[in-house]
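Trainee: Structure file query-v5.tsv (TSV, C-alpha atoms) right here:
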```tsv
chain	number	residue	atom	x	y	z
A	1	MET	CA	-22.50	-21.83	-24.96
A	2	PHE	CA	-23.34	-20.79	-21.40
A	3	GLU	CA	-20.34	-19.49	-19.42
A	4	THR	CA	-20.50	-19.89	-15.66
A	5	LYS	CA	-19.91	-16.76	-13.63
A	6	TYR	CA	-17.16	-17.25	-11.09
A	7	ARG	CA	-18.51	-15.90	-7.83
A	8	ALA	CA	-15.66	-16.60	-5.42
A	9	ILE	CA	-11.96	-17.46	-5.29
A	10	VAL	CA	-10.52	-19.66	-2.54
A	11	ILE	CA	-6.79	-19.69	-1.85
A	12	GLY	CA	-4.73	-22.13	0.22
A	13	VAL	CA	-1.21	-21.21	1.26
A	14	SER	CA	1.32	-22.15	3.91
A	15	SER	CA	5.11	-21.67	4.09
A	16	GLY	CA	6.10	-18.53	2.22
A	17	GLY	CA	2.51	-17.39	2.16
A	18	MET	CA	2.89	-13.82	3.36
A	19	LYS	CA	5.24	-12.97	0.51
A	20	ALA	CA	3.04	-14.73	-2.06
A	21	LEU	CA	-0.17	-13.07	-0.85
A	22	LYS	CA	1.49	-9.68	-0.71
A	23	TYR	CA	2.53	-10.00	-4.34
A	24	LEU	CA	-0.81	-11.38	-5.48
A	25	PHE	CA	-3.00	-8.72	-3.92
A	26	SER	CA	-0.62	-5.86	-4.73
A	27	ALA	CA	-0.77	-6.80	-8.40
A	28	LEU	CA	-4.57	-6.97	-8.60
A	29	PRO	CA	-6.63	-3.82	-9.23
A	30	LEU	CA	-8.26	-2.33	-6.14
A	31	ASN	CA	-11.68	-2.62	-7.78
A	32	PHE	CA	-11.33	-6.38	-8.35
A	33	SER	CA	-14.85	-7.53	-7.57
A	34	ILE	CA	-14.75	-11.31	-7.04
A	35	PRO	CA	-14.35	-12.07	-3.31
A	36	PHE	CA	-11.36	-14.04	-2.03
A	37	ILE	CA	-11.47	-16.51	0.87
A	38	VAL	CA	-7.99	-17.42	2.12
A	39	VAL	CA	-6.59	-20.06	4.45
A	40	GLN	CA	-3.01	-19.30	5.47
A	41	HIS	CA	-1.51	-21.80	7.92
A	42	ILE	CA	-0.71	-19.84	11.07
A	43	GLY	CA	-0.05	-20.65	14.71
A	44	ALA	CA	-2.97	-21.25	17.07
A	45	HIS	CA	-2.20	-18.11	19.05
A	46	SER	CA	-1.41	-15.78	16.16
A	47	ASP	CA	-3.19	-12.43	16.17
A	48	ASN	CA	-4.48	-10.64	13.10
A	49	ARG	CA	-1.82	-7.95	12.94
A	50	TRP	CA	-0.32	-9.58	9.85
A	51	ILE	CA	-3.67	-9.13	8.08
A	52	ARG	CA	-3.68	-5.43	8.94
A	53	LEU	CA	-0.13	-5.09	7.60
A	54	LEU	CA	-1.15	-6.86	4.40
A	55	GLU	CA	-4.20	-4.61	4.02
A	56	ILE	CA	-2.20	-1.43	4.59
A	57	THR	CA	0.40	-2.57	2.05
A	58	ASN	CA	-2.07	-3.61	-0.63
A	59	GLY	CA	-5.09	-1.37	-0.11
A	60	MET	CA	-7.73	-4.09	-0.58
A	61	LEU	CA	-10.39	-4.61	2.09
A	62	MET	CA	-9.26	-7.58	4.21
A	63	LYS	CA	-10.88	-9.06	7.29
A	64	GLU	CA	-11.45	-12.15	9.36
A	65	PRO	CA	-15.02	-13.34	8.71
A	66	ASP	CA	-17.59	-13.44	11.47
A	67	GLU	CA	-19.88	-16.39	12.14
A	68	LYS	CA	-22.87	-16.32	9.72
A	69	GLU	CA	-21.46	-13.31	7.84
A	70	MET	CA	-22.57	-13.24	4.21
A	71	ILE	CA	-19.85	-13.17	1.56
A	72	ALA	CA	-19.63	-9.79	-0.18
A	73	PRO	CA	-17.85	-8.79	-3.40
A	74	GLY	CA	-14.59	-6.85	-3.37
A	75	THR	CA	-13.46	-8.32	-0.06
A	76	VAL	CA	-10.60	-10.59	1.00
A	77	TYR	CA	-11.62	-12.89	3.87
A	78	ILE	CA	-8.84	-14.62	5.81
A	79	ALA	CA	-9.47	-17.54	8.17
A	80	PRO	CA	-8.77	-16.68	11.83
A	81	ALA	CA	-6.19	-18.57	13.86
A	82	ASN	CA	-7.26	-21.93	15.35
A	83	TYR	CA	-10.63	-22.08	13.54
A	84	HIS	CA	-11.72	-24.05	10.52
A	85	LEU	CA	-13.49	-21.77	8.05
A	86	LEU	CA	-16.44	-23.21	6.11
A	87	ILE	CA	-18.90	-21.82	3.59
A	88	GLU	CA	-22.55	-22.71	4.01
A	89	LYS	CA	-25.07	-23.36	1.23
A	90	ASN	CA	-26.48	-19.84	1.64
A	91	LEU	CA	-22.95	-18.42	1.08
A	92	SER	CA	-22.39	-17.39	4.66
A	93	PHE	CA	-19.38	-18.29	6.81
A	94	SER	CA	-19.21	-20.83	9.58
A	95	LEU	CA	-16.35	-21.20	12.08
A	96	THR	CA	-15.59	-24.42	13.95
A	97	VAL	CA	-12.98	-25.78	16.34
A	98	ASP	CA	-13.26	-29.36	15.09
A	99	GLU	CA	-10.17	-31.57	15.07
A	100	LYS	CA	-7.21	-30.54	12.93
A	101	VAL	CA	-7.14	-31.79	9.34
A	102	ASN	CA	-3.72	-32.48	7.83
A	103	TYR	CA	-2.28	-31.20	11.13
A	104	ALA	CA	-3.83	-27.80	10.49
A	105	ARG	CA	-6.63	-25.63	11.86
A	106	PRO	CA	-7.58	-23.71	9.81
A	107	SER	CA	-7.39	-26.38	7.12
A	108	ILE	CA	-7.32	-25.62	3.42
A	109	ASP	CA	-9.18	-28.85	2.61
A	110	VAL	CA	-12.04	-27.94	4.96
A	111	LEU	CA	-12.52	-24.57	3.28
A	112	PHE	CA	-12.14	-25.89	-0.26
A	113	GLU	CA	-14.51	-28.82	0.19
A	114	SER	CA	-17.26	-26.70	1.74
A	115	ALA	CA	-16.78	-23.99	-0.90
A	116	ALA	CA	-17.02	-26.59	-3.69
A	117	GLU	CA	-20.38	-27.74	-2.31
A	118	ALA	CA	-21.67	-24.19	-1.94
A	119	TYR	CA	-20.46	-22.69	-5.23
A	120	GLN	CA	-20.29	-25.76	-7.49
A	121	SER	CA	-18.93	-24.72	-10.91
A	122	SER	CA	-18.79	-20.99	-10.09
A	123	LEU	CA	-15.68	-21.35	-7.88
A	124	ILE	CA	-11.99	-20.78	-8.54
A	125	GLY	CA	-9.54	-22.68	-6.33
A	126	ILE	CA	-5.86	-21.75	-6.01
A	127	ILE	CA	-3.02	-23.57	-4.24
A	128	LEU	CA	0.13	-21.56	-3.57
A	129	THR	CA	3.41	-22.19	-1.80
A	130	GLY	CA	3.37	-24.57	1.17
A	131	SER	CA	5.14	-27.46	2.87
A	132	ASN	CA	2.43	-30.12	3.26
A	133	ALA	CA	-0.38	-31.75	1.28
A	134	ASP	CA	-3.27	-29.75	2.77
A	135	GLY	CA	-5.48	-28.51	-0.05
A	136	THR	CA	-4.89	-31.34	-2.52
A	137	ASN	CA	-8.16	-33.14	-1.75
A	138	GLY	CA	-10.12	-29.91	-1.53
A	139	LEU	CA	-8.82	-28.63	-4.86
A	140	LYS	CA	-9.74	-31.97	-6.43
A	141	GLN	CA	-13.30	-31.55	-5.13
A	142	ILE	CA	-13.47	-28.11	-6.77
A	143	LYS	CA	-12.42	-29.73	-10.05
A	144	LEU	CA	-15.02	-32.48	-9.67
A	145	LYS	CA	-17.76	-29.88	-9.12
A	146	GLY	CA	-16.79	-28.11	-12.34
A	147	GLY	CA	-14.83	-25.24	-10.80
A	148	LEU	CA	-11.56	-23.82	-12.10
A	149	THR	CA	-8.35	-25.09	-10.48
A	150	ILE	CA	-5.01	-23.29	-10.36
A	151	ALA	CA	-1.68	-24.21	-8.80
A	152	GLN	CA	1.43	-22.10	-8.46
A	153	ASP	CA	4.28	-23.45	-10.56
A	154	PRO	CA	6.31	-25.39	-7.97
A	155	ALA	CA	9.55	-24.13	-9.51
A	156	THR	CA	8.54	-20.58	-8.53
A	157	ALA	CA	7.17	-21.39	-5.05
A	158	GLU	CA	9.15	-20.71	-1.88
A	159	SER	CA	8.00	-24.15	-0.72
A	160	SER	CA	7.09	-26.42	-3.64
A	161	TYR	CA	5.54	-29.37	-1.78
A	162	MET	CA	1.94	-28.12	-1.57
A	163	PRO	CA	1.41	-27.16	-5.24
A	164	ALA	CA	3.41	-30.20	-6.38
A	165	SER	CA	1.15	-32.49	-4.32
A	166	ALA	CA	-1.96	-31.10	-6.01
A	167	ILE	CA	-0.42	-31.26	-9.48
A	168	ALA	CA	0.51	-34.92	-8.95
A	169	ALA	CA	-3.00	-35.82	-7.76
A	170	PHE	CA	-5.12	-34.77	-10.77
A	171	ASN	CA	-5.24	-32.69	-13.94
A	172	ILE	CA	-5.16	-29.11	-12.72
A	173	ASP	CA	-6.48	-26.53	-15.17
A	174	HIS	CA	-3.62	-24.02	-14.87
A	175	ILE	CA	-0.07	-24.27	-13.46
A	176	LEU	CA	1.36	-20.77	-13.37
A	177	PRO	CA	3.84	-18.50	-11.59
A	178	LEU	CA	2.31	-15.80	-9.42
A	179	GLU	CA	2.39	-13.21	-12.19
A	180	GLY	CA	0.57	-15.62	-14.49
A	181	ILE	CA	-2.09	-16.25	-11.85
A	182	VAL	CA	-2.65	-12.51	-11.50
A	183	GLN	CA	-3.00	-12.07	-15.26
A	184	LEU	CA	-5.46	-14.98	-15.48
A	185	LEU	CA	-7.63	-13.66	-12.65
A	186	ILE	CA	-7.74	-10.17	-14.14
A	187	SER	CA	-8.73	-11.64	-17.51
A	188	LEU	CA	-11.48	-13.81	-16.00
A	189	GLU	CA	-12.90	-10.98	-13.93
A	190	ALA	CA	-12.94	-8.62	-16.93
A	191	ASN	CA	-14.68	-11.19	-19.14
A	192	LEU	CA	-17.33	-12.06	-16.57
A	193	LYS	CA	-18.46	-8.47	-15.94
A	194	PRO	CA	-20.42	-9.34	-12.76
A	195	ASP	CA	-23.49	-7.29	-11.94
A	196	LYS	CA	-22.19	-5.40	-8.92
A	197	GLN	CA	-25.44	-3.52	-8.35
A	198	ASN	CA	-27.45	-6.71	-7.99
A	199	ASN	CA	-24.64	-8.50	-6.09
A	200	ASN	CA	-24.66	-11.76	-8.02
A	201	TYR	CA	-22.15	-13.20	-5.58
A	202	GLY	CA	-24.89	-14.03	-3.14
A	203	LYS	CA	-27.57	-16.67	-3.26
```
Reformat the file's structure so that it appears as structure tokens.

Mentor:
Amino acid sequence: MFETKYRAIVIGVSSGGMKALKYLFSALPLNFSIPFIVVQHIGAHSDNRWIRLLEITNGMLMKEPDEKEMIAPGTVYIAPANYHLLIEKNLSFSLTVDEKVNYARPSIDVLFESAAEAYQSSLIGIILTGSNADGTNGLKQIKLKGGLTIAQDPATAESSYMPASAIAAFNIDHILPLEGIVQLLISLEANLKPDKQNNNYGK
């Protein structure tokens, strides 16, 4: 049976996100090769100092993506303040200032839906702690395209509303506490053994 290679992981997080992301990335090995693309709800005028603090704490390469930048393995990309972050068919980034979605820009749904179209069944989508329903529709699209869907166990989330909304909407593949999500991702990455020399994360 053919097993799809997961080529990217998208994460949506809101209230309580800094603590959750800090735990998640601290617990992953520094050589974790599948790229992450993260939307954390932040204020329109927030700077990126919190990303630098997260990077210094965890040691993984983290950055805000540039327009038309190609997605590379071993990198954590975090949506900049006041921009929607999308993934194009050629697996490059696009930034827009279109209207807010679910009262948010960046919006988790916008990222997830574009990533589902670009990656199809080779995508992992994760919803973590948060206080609104942003991400539910996008995670459902990932499921419909054959990707793997994960939600933080609401009982372990600082704000349970966001993962609970997704869980109520459709049959999510895995509902786990943060430590369980880490263990699952490590297991998946080890089993997939991506070809880092040929960079199979690209087109």

Trainee: List as JSON, numbers by chain the residues having at least one atom at most 9 Å from position (-11.9, -23.8, 7.0) as given in the file, counting only C-alpha atoms.

Mentor: {"A": [38, 39, 79, 83, 84, 85, 86, 87, 94, 95, 96, 105, 106, 107, 108, 109, 110, 111, 112, 113, 114]}

Trainee: What does the structure give for the distance between atom CA of A:Gly135 and atom CA of A:Val10, in Å to one decimal?

Mentor: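 These atoms are spaced 10.5 Å apart.
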
Trainee: What is the atom CA of A:Ala157-atom CA of A:Thr136 distance in Å, reported with one decimal?

Mentor: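 Computing it gives 15.8 Å between the two atoms.
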
Trainee: Between A:Lys68, A:Val76, A:Ala151, A:Ser15, which is the closest to A:Leu30 once you count only C-alpha atoms?

Mentor: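 Looking at the shortest contact to A:Leu30, the residue is A:Val76.
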
Trainee: What is the atom CA of A:Gly59-atom CA of A:Val13 distance in Å, reported with one decimal?

Mentor: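 These atoms are spaced 20.3 Å apart.
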
Trainee: Quick one: everything within 9 Å of A:Asn132, counting all atoms listed in the file, minus sequence neighbours fewer than 5 positions away in the same chain. Send it as a PyMOL selection string.

Mentor: chain A and resi 14-15+102+161-162+165

Trainee: Deliver the residues from the most recent selection as a file, using C-alpha atoms, as a short mmCIF file (atom, residue, chain, number, x, y, z; two decimals), in the coordinates of the input.

Mentor:
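Just written: selection.cif:
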```cif
data_model
loop_
_atom_site.label_atom_id
_atom_site.label_comp_id
_atom_site.auth_asym_id
_atom_site.auth_seq_id
_atom_site.Cartn_x
_atom_site.Cartn_y
_atom_site.Cartn_z
CA SER A 14 1.32 -22.15 3.91
CA SER A 15 5.11 -21.67 4.09
CA ASN A 102 -3.72 -32.48 7.83
CA TYR A 161 5.54 -29.37 -1.78
CA MET A 162 1.94 -28.12 -1.57
CA SER A 165 1.15 -32.49 -4.32
#
```
